[in-house]
$ cat target-v9.cif   # mmCIF, C-alpha atoms
data_query
#
loop_
_atom_site.label_atom_id
_atom_site.label_comp_id
_atom_site.auth_asym_id
_atom_site.auth_seq_id
_atom_site.Cartn_x
_atom_site.Cartn_y
_atom_site.Cartn_z
CA MET Q 1341 27.89 27.00 -18.40
CA ARG Q 1342 30.46 25.18 -20.52
CA ARG Q 1343 29.17 21.99 -22.08
CA SER Q 1344 32.44 20.27 -21.21
CA ASP Q 1345 31.78 20.91 -17.50
CA LEU Q 1346 28.20 19.65 -17.52
CA PHE Q 1347 26.85 16.23 -16.62
CA LEU Q 1348 24.13 15.90 -19.25
CA PRO Q 1349 23.28 12.32 -20.31
CA ALA Q 1350 21.35 13.36 -23.44
CA THR Q 1351 20.98 10.75 -26.15
CA ARG Q 1352 19.26 10.38 -29.51
CA GLU Q 1353 18.41 6.78 -28.63
CA THR Q 1354 14.85 6.05 -27.53
CA PRO Q 1355 14.41 4.37 -24.11
CA GLY Q 1356 12.54 1.10 -24.22
CA ALA Q 1357 9.83 1.74 -21.60
CA GLY Q 1358 7.57 4.48 -20.27
CA SER Q 1359 5.28 7.07 -21.80
CA GLU Q 1360 6.38 9.07 -24.83
CA ALA Q 1361 6.58 12.25 -22.74
CA ALA Q 1362 8.85 10.58 -20.18
CA LYS Q 1363 10.99 9.08 -22.95
CA LEU Q 1364 11.55 12.56 -24.35
CA LEU Q 1365 12.72 13.85 -20.95
CA VAL Q 1366 15.09 10.86 -20.66
CA ARG Q 1367 16.47 11.44 -24.17
CA ALA Q 1368 17.02 15.11 -23.34
CA GLY Q 1369 19.03 14.06 -20.29
CA LEU Q 1370 16.72 15.70 -17.74
CA ILE Q 1371 15.66 12.58 -15.81
CA ARG Q 1372 16.84 9.00 -15.26
CA GLY Q 1373 14.77 6.05 -14.12
CA PHE Q 1374 15.52 4.37 -10.79
CA GLY Q 1375 12.91 1.63 -11.14
CA SER Q 1376 9.11 1.67 -11.35
CA GLY Q 1377 7.75 4.97 -10.04
CA LEU Q 1378 11.15 6.42 -9.05
CA TRP Q 1379 13.03 9.07 -11.02
CA ALA Q 1380 16.29 10.94 -10.57
CA VAL Q 1381 16.70 14.47 -11.90
CA THR Q 1382 19.94 15.55 -13.58
CA PRO Q 1383 21.53 19.00 -13.22
CA ALA Q 1384 19.74 20.26 -16.35
CA GLY Q 1385 16.43 18.83 -15.16
CA GLN Q 1386 16.96 20.36 -11.73
CA ARG Q 1387 17.40 23.76 -13.36
CA VAL Q 1388 13.92 23.44 -14.87
CA ARG Q 1389 12.47 22.28 -11.53
CA ALA Q 1390 14.13 25.18 -9.71
CA LYS Q 1391 12.63 27.70 -12.13
CA LEU Q 1392 9.19 26.14 -11.80
CA THR Q 1393 9.56 26.19 -8.03
CA ASP Q 1394 10.60 29.84 -8.15
CA ARG Q 1395 7.36 30.80 -9.89
CA VAL Q 1396 5.23 28.81 -7.45
CA VAL Q 1397 7.07 30.20 -4.41
CA ALA Q 1398 6.74 33.76 -5.74
CA ALA Q 1399 3.00 33.26 -6.23
CA MET Q 1400 2.54 31.95 -2.67
CA ASP Q 1401 4.69 34.68 -1.14
CA SER Q 1402 2.68 37.33 -3.00
CA ILE Q 1403 -0.45 36.41 -1.01
CA GLY Q 1404 1.24 36.19 2.37
CA GLY Q 1405 2.16 32.51 2.42
CA GLN Q 1406 4.89 31.51 4.87
CA ARG Q 1407 7.22 28.68 3.91
CA VAL Q 1408 7.73 25.76 6.31
CA ARG Q 1409 9.06 22.23 6.22
CA LEU Q 1410 7.08 19.33 7.67
CA PRO Q 1411 8.65 15.90 8.19
CA GLY Q 1412 7.86 13.30 5.55
CA LEU Q 1413 8.25 10.52 8.14
CA GLN Q 1414 5.43 10.70 10.70
CA TYR Q 1415 4.01 8.69 13.60
CA ALA Q 1416 0.61 7.07 13.27
CA ASP Q 1417 -1.10 8.79 16.22
CA ARG Q 1418 -2.18 12.01 14.49
CA TRP Q 1419 -3.31 10.03 11.43
CA ARG Q 1420 -5.44 7.83 13.64
CA GLU Q 1421 -6.96 10.94 15.18
CA SER Q 1422 -7.96 12.22 11.75
CA GLY Q 1423 -9.31 8.83 10.74
CA ARG Q 1424 -7.03 8.57 7.70
CA TRP Q 1425 -4.61 5.93 8.96
CA GLY Q 1426 -4.96 3.21 6.33
CA GLY Q 1427 -7.46 5.38 4.45
CA PHE Q 1428 -5.45 5.83 1.26
CA GLU Q 1429 -6.70 2.64 -0.39
CA GLY Q 1430 -3.44 0.80 0.16
CA GLU Q 1431 -1.28 3.66 -1.16
CA MET Q 1432 0.20 4.77 2.17
CA PHE Q 1433 3.72 3.53 2.90
CA THR Q 1434 3.69 2.29 6.50
CA LEU Q 1435 6.43 0.82 8.69
CA GLU Q 1436 7.48 0.21 12.27
CA ASN Q 1437 10.51 1.79 13.83
CA ARG Q 1438 12.98 -0.10 16.03
CA ASP Q 1439 10.73 0.47 19.04
CA GLY Q 1440 7.72 -1.10 17.33
CA GLN Q 1441 5.93 2.23 16.78
CA ALA Q 1442 3.78 2.56 13.68
CA MET Q 1443 4.92 5.23 11.23
CA CYS Q 1444 4.24 6.34 7.65
CA LEU Q 1445 5.77 8.25 4.79
CA ALA Q 1446 3.29 11.09 4.45
CA PRO Q 1447 1.20 11.06 1.26
CA SER Q 1448 -0.22 14.45 2.29
CA HIS Q 1449 0.26 16.86 5.21
CA GLU Q 1450 -3.11 17.91 6.58
CA GLU Q 1451 -2.35 16.01 9.77
CA GLY Q 1452 1.16 17.43 9.82
CA VAL Q 1453 0.02 21.03 9.63
CA VAL Q 1454 -2.45 20.48 12.48
CA ASN Q 1455 0.44 19.07 14.51
CA LEU Q 1456 2.49 22.18 13.64
CA LEU Q 1457 -0.15 24.78 14.49
CA ASP Q 1458 -2.34 23.26 17.21
CA GLY Q 1459 -1.21 24.80 20.49
CA PRO Q 1460 0.78 27.82 19.24
CA VAL Q 1461 -2.36 28.99 17.39
CA ARG Q 1462 -4.95 29.53 20.13
CA SER Q 1463 -6.95 32.66 19.29
CA HIS Q 1464 -8.84 34.20 16.40
CA HIS Q 1465 -6.20 36.94 16.63
CA ASP Q 1466 -3.65 34.40 15.30
CA LEU Q 1467 -5.71 33.88 12.15
CA PRO Q 1468 -5.88 33.78 9.18
CA LEU Q 1469 -2.68 31.86 8.55
CA LEU Q 1470 -1.31 30.39 5.30
CA VAL Q 1471 1.75 28.11 5.32
CA TYR Q 1472 3.27 26.11 2.50
CA GLN Q 1473 6.18 23.83 1.65
CA VAL Q 1474 7.82 22.34 -1.45
CA GLU Q 1475 8.74 18.82 -0.40
CA SER Q 1476 8.49 15.15 -1.32
CA LYS Q 1477 5.32 13.09 -0.95
CA PHE Q 1478 5.10 9.31 -1.01
CA ARG Q 1479 2.31 7.10 -2.34
CA ASP Q 1480 2.47 3.44 -3.25
CA ASP Q 1481 0.53 4.13 -6.43
CA HIS Q 1482 0.58 2.13 -9.66
CA ALA Q 1483 3.41 3.89 -11.46
CA ARG Q 1484 2.60 5.11 -14.98
CA ASN Q 1485 3.15 7.98 -17.39
CA GLY Q 1486 6.59 9.00 -16.22
CA LEU Q 1487 6.55 11.83 -13.67
CA VAL Q 1488 2.76 12.02 -13.62
CA ARG Q 1489 2.14 8.95 -11.47
CA THR Q 1490 5.05 8.02 -9.23
CA LYS Q 1491 5.77 6.64 -5.79
CA GLU Q 1492 7.81 9.68 -4.71
CA PHE Q 1493 7.05 13.13 -6.08
CA THR Q 1494 7.63 16.81 -5.35
CA MET Q 1495 4.60 18.92 -4.48
CA LYS Q 1496 4.02 22.46 -3.36
CA ASP Q 1497 1.38 21.92 -0.69
CA ALA Q 1498 -0.20 24.77 1.26
CA TYR Q 1499 -2.64 24.90 4.17
CA SER Q 1500 -4.74 27.78 5.46
CA VAL Q 1501 -6.41 28.13 8.86
CA HIS Q 1502 -9.33 30.48 9.60
CA ALA Q 1503 -11.67 31.60 12.34
CA ASP Q 1504 -14.74 31.40 10.09
CA GLU Q 1505 -16.01 30.17 6.71
CA ALA Q 1506 -15.82 33.63 5.14
CA GLY Q 1507 -12.08 33.79 5.80
CA LEU Q 1508 -11.59 30.35 4.28
CA ARG Q 1509 -13.47 31.31 1.13
CA GLU Q 1510 -11.40 34.49 0.74
CA THR Q 1511 -8.05 32.71 1.03
CA TYR Q 1512 -9.28 29.92 -1.25
CA ARG Q 1513 -9.95 32.54 -3.95
CA GLU Q 1514 -6.52 34.11 -3.36
CA VAL Q 1515 -4.66 30.80 -3.67
CA ARG Q 1516 -6.70 29.86 -6.74
CA ALA Q 1517 -5.74 33.16 -8.38
CA ALA Q 1518 -2.08 32.71 -7.34
CA TYR Q 1519 -2.03 29.32 -9.04
CA GLU Q 1520 -3.38 30.92 -12.20
CA ARG Q 1521 -0.59 33.51 -12.15
CA ALA Q 1522 2.10 30.88 -11.63
CA LEU Q 1523 0.81 28.62 -14.40
CA ASP Q 1524 0.43 31.57 -16.77
CA ASP Q 1525 4.01 32.62 -15.98
CA VAL Q 1526 5.43 29.25 -17.01
CA GLY Q 1527 3.26 29.00 -20.13
CA LEU Q 1528 0.94 26.12 -19.25
CA GLU Q 1529 -2.42 25.74 -20.98
CA TYR Q 1530 -5.00 24.57 -18.43
CA ALA Q 1531 -8.64 24.52 -17.36
CA ILE Q 1532 -10.16 24.73 -13.87
CA VAL Q 1533 -12.76 22.05 -13.22
CA GLU Q 1534 -15.04 21.09 -10.36
CA ALA Q 1535 -13.72 18.00 -8.62
CA ASP Q 1536 -14.45 15.33 -6.04
CA ALA Q 1537 -12.71 15.97 -2.72
CA GLY Q 1538 -12.01 12.24 -2.36
CA VAL Q 1539 -9.82 11.09 0.51
CA MET Q 1540 -9.00 14.71 1.43
CA GLY Q 1541 -12.57 15.51 2.47
CA GLY Q 1542 -14.35 18.83 2.58
CA ALA Q 1543 -17.24 20.26 0.62
CA THR Q 1544 -15.59 22.16 -2.26
CA SER Q 1545 -12.64 21.39 -4.49
CA GLU Q 1546 -11.35 22.25 -7.94
CA GLU Q 1547 -8.63 20.80 -10.15
CA PHE Q 1548 -6.23 22.53 -12.53
CA VAL Q 1549 -6.17 20.20 -15.53
CA ALA Q 1550 -3.80 20.57 -18.50
CA PRO Q 1551 -4.96 19.39 -21.94
CA VAL Q 1552 -2.50 17.06 -23.68
CA ALA Q 1553 -2.69 14.96 -26.82
CA ASP Q 1554 -2.10 11.67 -25.01
CA ALA Q 1555 -1.87 11.40 -21.24
CA GLY Q 1556 -1.56 7.62 -21.35
CA GLY Q 1557 -3.21 4.95 -19.23
CA ASP Q 1558 -6.35 5.84 -17.33
CA SER Q 1559 -6.12 9.63 -17.74
CA ASP Q 1560 -9.12 11.93 -17.53
CA ARG Q 1561 -10.97 13.08 -20.64
CA LEU Q 1562 -11.26 16.85 -20.65
CA VAL Q 1563 -13.59 19.26 -22.45
CA TYR Q 1564 -12.29 22.82 -22.10
CA CYS Q 1565 -12.74 26.32 -23.47
CA THR Q 1566 -10.19 27.63 -25.97
CA GLY Q 1567 -11.27 31.26 -25.51
CA ALA Q 1568 -8.60 33.69 -24.32
CA GLY Q 1569 -8.68 34.05 -20.54
CA CYS Q 1570 -11.50 31.54 -20.02
CA ARG Q 1571 -10.58 28.59 -17.80
CA PHE Q 1572 -13.83 26.63 -18.05
CA GLY Q 1573 -13.41 22.87 -18.19
CA VAL Q 1574 -15.08 19.61 -17.22
CA THR Q 1575 -13.67 16.10 -16.98
CA ASP Q 1576 -15.29 12.72 -17.39
CA GLU Q 1577 -15.33 12.41 -13.57
CA HIS Q 1578 -18.10 15.02 -13.57
CA ASP Q 1579 -21.64 13.66 -13.48
CA GLY Q 1580 -22.75 15.89 -16.36
CA PHE Q 1581 -19.75 15.29 -18.61
CA ASP Q 1582 -21.79 13.72 -21.41
CA GLU Q 1583 -23.83 16.91 -21.71
CA TYR Q 1584 -20.79 18.85 -22.94
CA ASP Q 1585 -19.91 18.52 -26.60
CA ALA Q 1586 -16.75 19.88 -28.16
CA ASP Q 1587 -18.93 21.29 -31.01
CA ASP Q 1588 -21.03 23.39 -28.58
CA ALA Q 1589 -20.28 26.83 -27.14
CA CYS Q 1590 -18.65 27.36 -23.75
CA PRO Q 1591 -21.41 27.97 -21.17
CA GLU Q 1592 -19.33 30.64 -19.42
CA CYS Q 1593 -18.02 32.82 -22.27
CA GLY Q 1594 -19.56 31.49 -25.47
CA GLY Q 1595 -16.15 30.52 -26.85
CA SER Q 1596 -15.26 27.28 -28.58
CA LEU Q 1597 -14.86 24.01 -26.70
CA ALA Q 1598 -12.21 21.38 -27.43
CA ALA Q 1599 -11.69 17.83 -26.19
CA SER Q 1600 -8.46 16.09 -25.18
CA ASP Q 1601 -6.83 13.98 -22.54
CA GLY Q 1602 -6.13 15.87 -19.34
CA ILE Q 1603 -3.45 15.78 -16.64
CA GLU Q 1604 -4.21 17.16 -13.18
CA VAL Q 1605 -1.38 19.47 -12.10
CA GLY Q 1606 -3.06 21.18 -9.13
CA HIS Q 1607 -5.95 20.75 -6.70
CA VAL Q 1608 -7.48 23.17 -4.18
CA PHE Q 1609 -9.82 22.20 -1.34
CA GLN Q 1610 -12.08 23.91 1.16
CA LEU Q 1611 -11.74 21.36 3.94
CA GLY Q 1612 -13.92 23.16 6.47
CA THR Q 1613 -13.66 21.54 9.90
CA ARG Q 1614 -13.04 18.02 8.61
CA TYR Q 1615 -9.62 17.77 10.33
CA SER Q 1616 -9.95 20.31 13.12
CA GLN Q 1617 -12.98 18.58 14.64
CA ALA Q 1618 -11.43 15.14 14.41
CA MET Q 1619 -8.13 16.34 15.89
CA ASP Q 1620 -9.60 18.85 18.38
CA PHE Q 1621 -7.93 21.93 16.87
CA THR Q 1622 -9.84 24.93 18.24
CA VAL Q 1623 -9.34 28.65 18.79
CA ASP Q 1624 -10.95 31.22 21.08
CA THR Q 1625 -13.46 33.41 19.27
CA ALA Q 1626 -14.06 37.16 19.61
CA ASP Q 1627 -17.09 36.60 21.84
CA GLY Q 1628 -15.18 34.44 24.28
CA ASP Q 1629 -16.42 31.13 22.93
CA GLU Q 1630 -14.37 28.35 21.33
CA ARG Q 1631 -14.72 26.80 17.88
CA SER Q 1632 -13.02 24.37 15.50
CA VAL Q 1633 -10.91 26.17 12.91
CA GLU Q 1634 -11.79 26.21 9.21
CA MET Q 1635 -9.05 24.79 6.97
CA GLY Q 1636 -8.05 24.84 3.32
CA SER Q 1637 -5.59 22.63 1.45
CA TYR Q 1638 -3.87 23.48 -1.83
CA GLY Q 1639 -1.53 21.29 -3.89
CA LEU Q 1640 0.52 21.87 -7.05
CA GLY Q 1641 2.69 19.10 -8.50
CA VAL Q 1642 6.14 20.39 -9.50
CA ASP Q 1643 7.27 17.15 -11.18
CA ARG Q 1644 3.94 16.74 -12.98
CA LEU Q 1645 4.19 20.30 -14.17
CA LEU Q 1646 7.67 19.72 -15.60
CA GLN Q 1647 6.56 16.77 -17.73
CA THR Q 1648 3.22 18.31 -18.72
CA LEU Q 1649 4.86 21.52 -19.94
CA GLY Q 1650 7.33 19.49 -21.97
CA GLN Q 1651 4.52 17.45 -23.46
CA GLN Q 1652 2.27 20.40 -24.29
CA HIS Q 1653 4.92 22.43 -26.08
CA GLY Q 1654 7.34 19.82 -27.40
CA SER Q 1655 7.31 17.57 -30.42
CA PRO Q 1656 7.97 13.82 -30.58
CA ASP Q 1657 11.65 14.61 -31.15
CA ASN Q 1658 12.42 17.82 -29.23
CA LEU Q 1659 11.40 19.75 -26.15
CA ALA Q 1660 10.24 23.35 -26.69
CA TRP Q 1661 9.89 25.23 -23.41
CA PRO Q 1662 7.54 28.22 -23.79
CA VAL Q 1663 8.71 31.80 -23.45
CA THR Q 1664 6.30 34.14 -21.66
CA ASP Q 1665 6.42 37.74 -20.44
CA TRP Q 1666 8.08 36.38 -17.30
CA GLY Q 1667 10.74 34.37 -19.08
CA SER Q 1668 11.30 30.65 -19.63
CA VAL Q 1669 11.80 27.57 -17.47
CA ALA Q 1670 14.14 26.08 -20.09
CA PRO Q 1671 17.33 24.73 -18.51
CA TYR Q 1672 19.26 27.49 -20.31
CA ARG Q 1673 18.02 30.72 -21.87
CA ALA Q 1674 20.34 30.37 -24.85
CA ALA Q 1675 22.79 27.95 -26.46
CA ILE Q 1676 25.96 29.37 -28.02
CA VAL Q 1677 27.03 27.20 -30.94
CA PRO Q 1678 30.37 27.95 -32.60
CA VAL Q 1679 30.68 26.52 -36.12
CA GLY Q 1680 34.33 25.77 -36.73
CA ASP Q 1681 37.32 25.62 -34.46
CA ASP Q 1682 39.30 28.67 -35.55
CA SER Q 1683 40.42 30.96 -32.76
CA GLU Q 1684 38.36 33.96 -33.89
CA VAL Q 1685 35.04 32.07 -33.82
CA LEU Q 1686 35.84 30.43 -30.49
CA GLY Q 1687 36.88 33.76 -29.00
CA VAL Q 1688 33.61 35.43 -30.05
CA ALA Q 1689 31.61 32.52 -28.59
CA GLU Q 1690 33.49 32.94 -25.30
CA ARG Q 1691 32.80 36.68 -25.30
CA ILE Q 1692 29.06 36.16 -25.81
CA HIS Q 1693 29.10 33.54 -23.04
CA ASP Q 1694 30.65 36.11 -20.68
CA ASP Q 1695 28.29 38.91 -21.77
CA CYS Q 1696 25.19 36.76 -21.17
CA GLY Q 1697 26.22 35.88 -17.63
CA ARG Q 1698 27.64 32.38 -18.17
CA GLU Q 1699 25.48 30.45 -15.71
CA ASP Q 1700 22.17 30.52 -17.58
CA VAL Q 1701 23.51 30.05 -21.10
CA LEU Q 1702 25.10 26.91 -22.52
CA LEU Q 1703 28.36 27.25 -24.42
CA TYR Q 1704 29.27 24.37 -26.71
CA ASP Q 1705 32.99 24.76 -26.12
CA GLU Q 1706 35.73 22.95 -27.99
CA ASP Q 1707 36.49 20.60 -25.08
CA ALA Q 1708 32.95 19.15 -25.13
CA GLY Q 1709 33.96 16.80 -27.93
CA LEU Q 1710 30.70 17.26 -29.89
CA SER Q 1711 30.48 17.77 -33.62
CA VAL Q 1712 28.63 20.78 -35.01
CA GLY Q 1713 25.71 18.54 -35.93
CA GLU Q 1714 25.60 17.09 -32.43
CA ARG Q 1715 25.61 20.58 -30.91
CA PHE Q 1716 22.61 21.64 -32.98
CA ALA Q 1717 20.77 18.38 -32.32
CA GLU Q 1718 21.32 18.46 -28.56
CA SER Q 1719 20.34 22.12 -28.11
CA GLY Q 1720 17.15 21.38 -30.07
CA LEU Q 1721 16.44 18.28 -28.00
CA LEU Q 1722 16.84 20.32 -24.79
CA GLY Q 1723 14.33 22.90 -26.03
CA ILE Q 1724 16.66 25.86 -25.42
CA PRO Q 1725 14.64 28.84 -26.71
CA ALA Q 1726 17.45 30.84 -28.36
CA LYS Q 1727 20.40 29.50 -30.35
CA VAL Q 1728 23.32 31.86 -31.01
CA VAL Q 1729 25.28 30.60 -34.01
CA VAL Q 1730 28.80 31.93 -34.50
CA GLY Q 1731 30.00 30.77 -37.90
CA ASN Q 1732 30.05 31.75 -41.53
CA THR Q 1733 27.80 34.79 -41.08
CA TYR Q 1734 30.25 36.18 -38.55
CA ARG Q 1735 33.24 35.42 -40.78
CA GLU Q 1736 31.63 37.14 -43.75
CA ASP Q 1737 29.66 40.00 -42.20
CA GLY Q 1738 30.82 40.31 -38.59
CA VAL Q 1739 27.39 39.41 -37.13
CA VAL Q 1740 25.95 36.28 -35.54
CA ASP Q 1741 22.69 34.42 -36.21
CA VAL Q 1742 20.26 34.20 -33.29
CA GLU Q 1743 17.64 31.54 -33.96
CA THR Q 1744 14.32 31.39 -32.08
CA ALA Q 1745 10.90 29.94 -32.81
CA SER Q 1746 10.01 33.27 -34.47
CA GLY Q 1747 12.87 33.14 -36.96
CA THR Q 1748 16.50 34.21 -37.24
CA GLU Q 1749 17.94 37.64 -36.42
CA LYS Q 1750 21.39 38.86 -37.36
CA LEU Q 1751 22.95 40.76 -34.49
CA ALA Q 1752 26.24 42.40 -33.67
CA VAL Q 1753 28.16 40.56 -31.01
CA ASP Q 1754 27.58 43.27 -28.41
CA GLU Q 1755 23.80 43.14 -29.02
CA VAL Q 1756 23.33 39.47 -28.19
CA ALA Q 1757 23.20 39.68 -24.39
CA ALA Q 1758 20.50 42.36 -24.44
CA PHE Q 1759 18.48 40.35 -26.96
CA VAL Q 1760 18.63 37.21 -24.84
CA GLU Q 1761 17.63 39.25 -21.77
CA ARG Q 1762 14.60 40.70 -23.57
CA PHE Q 1763 13.62 37.45 -25.21
CA ALA Q 1764 14.01 34.91 -22.39
CA GLY Q 1765 13.75 37.23 -19.40
CA SER Q 1766 16.04 37.97 -16.48
CA GLY Q 1767 13.51 36.28 -14.19
CA SER Q 1768 14.35 32.92 -15.74
CA ARG Q 1769 17.62 32.71 -13.78
CA ALA Q 1770 16.08 31.16 -10.69
CA ALA Q 1771 18.24 28.07 -11.10
CA ASP Q 1772 21.24 30.19 -10.11
CA SER Q 1773 19.62 32.43 -7.49
CA GLY Q 1774 19.55 29.98 -4.62
CA VAL Q 1775 15.90 29.08 -5.16
CA SER Q 1776 15.40 25.35 -4.81
CA ASP Q 1777 13.06 22.78 -3.40
#
$ encode --input "target-v9.cif" --output "structure tokens"
Amino acid sequence: MRRSDLFLPATRETPGAGSEAAKLLVRAGLIRGFGSGLWAVTPAGQRVRAKLTDRVVAAMDSIGGQRVRLPGLQYADRWRESGRWGGFEGEMFTLENRDGQAMCLAPSHEEGVVNLLDGPVRSHHDLPLLVYQVESKFRDDHARNGLVRTKEFTMKDAYSVHADEAGLRETYREVRAAYERALDDVGLEYAIVEADAGVMGGATSEEFVAPVADAGGDSDRLVYCTGAGCRFGVTDEHDGFDEYDADDACPECGGSLAASDGIEVGHVFQLGTRYSQAMDFTVDTADGDERSVEMGSYGLGVDRLLQTLGQQHGSPDNLAWPVTDWGSVAPYRAAIVPVGDDSEVLGVAERIHDDCGREDVLLYDEDAGLSVGERFAESGLLGIPAKVVVGNTYREDGVVDVETASGTEKLAVDEVAAFVERFAGSGSRAADSGVSD
């Protein structure tokens, strides 16, 4: 991608409002505010969202999830059946259509999935079933902390339906494990904590909570294990929170505990028959009887994940998207920065751009109108994991400098594409593969 062709409103100026994490995303040109609780995403920001979505979709597909789309605008009748009409503590957007019928912008889709499946799903032979979507949700919440608490947000929400409790528990474990794989792929540090089911209902739920230095506002306090592979954590919403001390050992693995603010990025629920009984969603059983289906609900916040990743791995001045065995969700795998405007340097930069595949690398071309200093500053602000510098080293020795968080390597021009592929991963090109939300 040529910088001169890109709409990227990056700026070194600091916005006047919002959390520090959101300000950094605004400065990097990934998001723009549309008023309290509403955010637009720029092309570079959408690339990050598409890569995050790709990992989540891949995780759900790997366990047999089937992607659907449920309408965000819904009539009140099914919500009244479930007993949740007006049950979101004033956070549900409600309206009347031109015929005077009550409607809402769905804050969640448990009712919607019952409406989708009830009728076509009639027998235990049709189960188990796992469907998911990546769509907008709407809640008239008190907006705060950038993308973490908004009035419109993108969520991957999934719903499972089962003939018995054993089937529900099995799928719950599968989705929980799929979430772990997706979050590991994108490089998020997180803990899994017991949680209150709240307005969703059901007997069992767990949250995926990411430790951050400052979540802002009324965020949770989190105590979590720092041991490799251990996901133990507890938040201050837990009745026994005061019993856990960051100086004590983890009760699950004996590793060290740490304390921080925490941001919830995902939540999984065993709903049981909470919705199926209320909405009369039943199936025929193997013995010829009839019973209410068992349901599970599973949410993962794409927009929250974007900001939380940026906050965990960035600095006050620059983003720093992590690179994992899978790849990176950075908007571009590499930035190509020519130093000087002589034809030889510019020609080499163009060649590297072509060799790397163009669409997932950012070329600071001559027509972009940016000084060398501005090119370096912007690529650092964006958190691009590899910077290919074509300048004095090439003029003197015929090689280019490739800068990463691990240091600088001097490579021949024809070695750069393979290095970028190994370093940032071919799987990180989801933004150009048609994967979107």
$ resolve_selection --input "target-v9.cif" --expression "the PyMOL selection byres ((chain Q and resi 1491-1498) around 6)" --output "PyMOL selection string"
chain Q and resi 1377+1471-1481+1490+1499+1637-1643
$ write_last_selection --input "target-v9.cif" --atoms "C-alpha atoms" --output "PDB file, in the frame of the given file"
ATOM      1  CA  GLY Q1377       7.750   4.970 -10.040  1.00  0.00           C
ATOM      2  CA  VAL Q1471       1.750  28.110   5.320  1.00  0.00           C
ATOM      3  CA  TYR Q1472       3.270  26.110   2.500  1.00  0.00           C
ATOM      4  CA  GLN Q1473       6.180  23.830   1.650  1.00  0.00           C
ATOM      5  CA  VAL Q1474       7.820  22.340  -1.450  1.00  0.00           C
ATOM      6  CA  GLU Q1475       8.740  18.820  -0.400  1.00  0.00           C
ATOM      7  CA  SER Q1476       8.490  15.150  -1.320  1.00  0.00           C
ATOM      8  CA  LYS Q1477       5.320  13.090  -0.950  1.00  0.00           C
ATOM      9  CA  PHE Q1478       5.100   9.310  -1.010  1.00  0.00           C
ATOM     10  CA  ARG Q1479       2.310   7.100  -2.340  1.00  0.00           C
ATOM     11  CA  ASP Q1480       2.470   3.440  -3.250  1.00  0.00           C
ATOM     12  CA  ASP Q1481       0.530   4.130  -6.430  1.00  0.00           C
ATOM     13  CA  THR Q1490       5.050   8.020  -9.230  1.00  0.00           C
ATOM     14  CA  TYR Q1499      -2.640  24.900   4.170  1.00  0.00           C
ATOM     15  CA  SER Q1637      -5.590  22.630   1.450  1.00  0.00           C
ATOM     16  CA  TYR Q1638      -3.870  23.480  -1.830  1.00  0.00           C
ATOM     17  CA  GLY Q1639      -1.530  21.290  -3.890  1.00  0.00           C
ATOM     18  CA  LEU Q1640       0.520  21.870  -7.050  1.00  0.00           C
ATOM     19  CA  GLY Q1641       2.690  19.100  -8.500  1.00  0.00           C
ATOM     20  CA  VAL Q1642       6.140  20.390  -9.500  1.00  0.00           C
ATOM     21  CA  ASP Q1643       7.270  17.150 -11.180  1.00  0.00           C
TER      22      ASP Q1643
END
$ resolve_selection --input "target-v9.cif" --expression "the PyMOL selection byres ((chain Q and resi 1586-1591) around 10)" --output "ChimeraX atom specification"
/Q:1562-1567,1570,1572-1573,1583-1585,1592-1600
$ resolve_selection --input "target-v9.cif" --expression "the PyMOL selection byres ((chain Q and resi 1424-1435) around 8)" --output "list in words"
Ala1416, Trp1419, Arg1420, Glu1421, Ser1422, Gly1423, Glu1436, Asn1437, Ala1442, Met1443, Cys1444, Leu1445, Ala1446, Pro1447, Phe1478, Arg1479, Asp1480, Asp1481 and Val1539 of chain Q
$ closest_residue --input "target-v9.cif" --among "Q:Glu1736, Q:Asp1536, Q:Glu1547, Q:Asp1624" --to "His1502 (chain Q)" --atoms "all atoms listed in the file"
Q:Asp1624
$ closest_residue --input "target-v9.cif" --among "Q:Val1756, Q:Ala1717, Q:Val1712, Q:Val1488" --to "Val1688 (chain Q)" --atoms "all atoms listed in the file"
Q:Val1756
$ closest_residue --input "target-v9.cif" --among "Q:Ala1362, Q:Ala1626, Q:Val1753, Q:Ala1398" --to "Arg1462 (chain Q)" --atoms "all atoms listed in the file"
Q:Ala1626
$ closest_atom_pairs --input "target-v9.cif" --of "region 1436-1537 of chain Q" --to "region 1648-1651 of chain Q" --cutoff "9 Å" --atoms "all atoms listed in the file" --output "Markdown table"
| residue | atom | partner | partner_atom | distance |
| --- | --- | --- | --- | --- |
| Q:Leu1487 | CA | Q:Thr1648 | CA | 8.9 |
| Q:Val1488 | CA | Q:Thr1648 | CA | 8.1 |
| Q:Val1526 | CA | Q:Leu1649 | CA | 8.3 |
| Q:Gly1527 | CA | Q:Leu1649 | CA | 7.7 |
| Q:Leu1528 | CA | Q:Leu1649 | CA | 6.1 |
| Q:Glu1529 | CA | Q:Leu1649 | CA | 8.5 |
$ write_last_selection --input "target-v9.cif" --atoms "C-alpha atoms" --output "mmCIF file, keeping the file's coordinate frame"
data_model
loop_
_atom_site.group_PDB
_atom_site.id
_atom_site.type_symbol
_atom_site.label_atom_id
_atom_site.label_comp_id
_atom_site.auth_asym_id
_atom_site.auth_seq_id
_atom_site.Cartn_x
_atom_site.Cartn_y
_atom_site.Cartn_z
ATOM 1 C CA LEU Q 1487 6.550 11.830 -13.670
ATOM 2 C CA VAL Q 1488 2.760 12.020 -13.620
ATOM 3 C CA VAL Q 1526 5.430 29.250 -17.010
ATOM 4 C CA GLY Q 1527 3.260 29.000 -20.130
ATOM 5 C CA LEU Q 1528 0.940 26.120 -19.250
ATOM 6 C CA GLU Q 1529 -2.420 25.740 -20.980
#
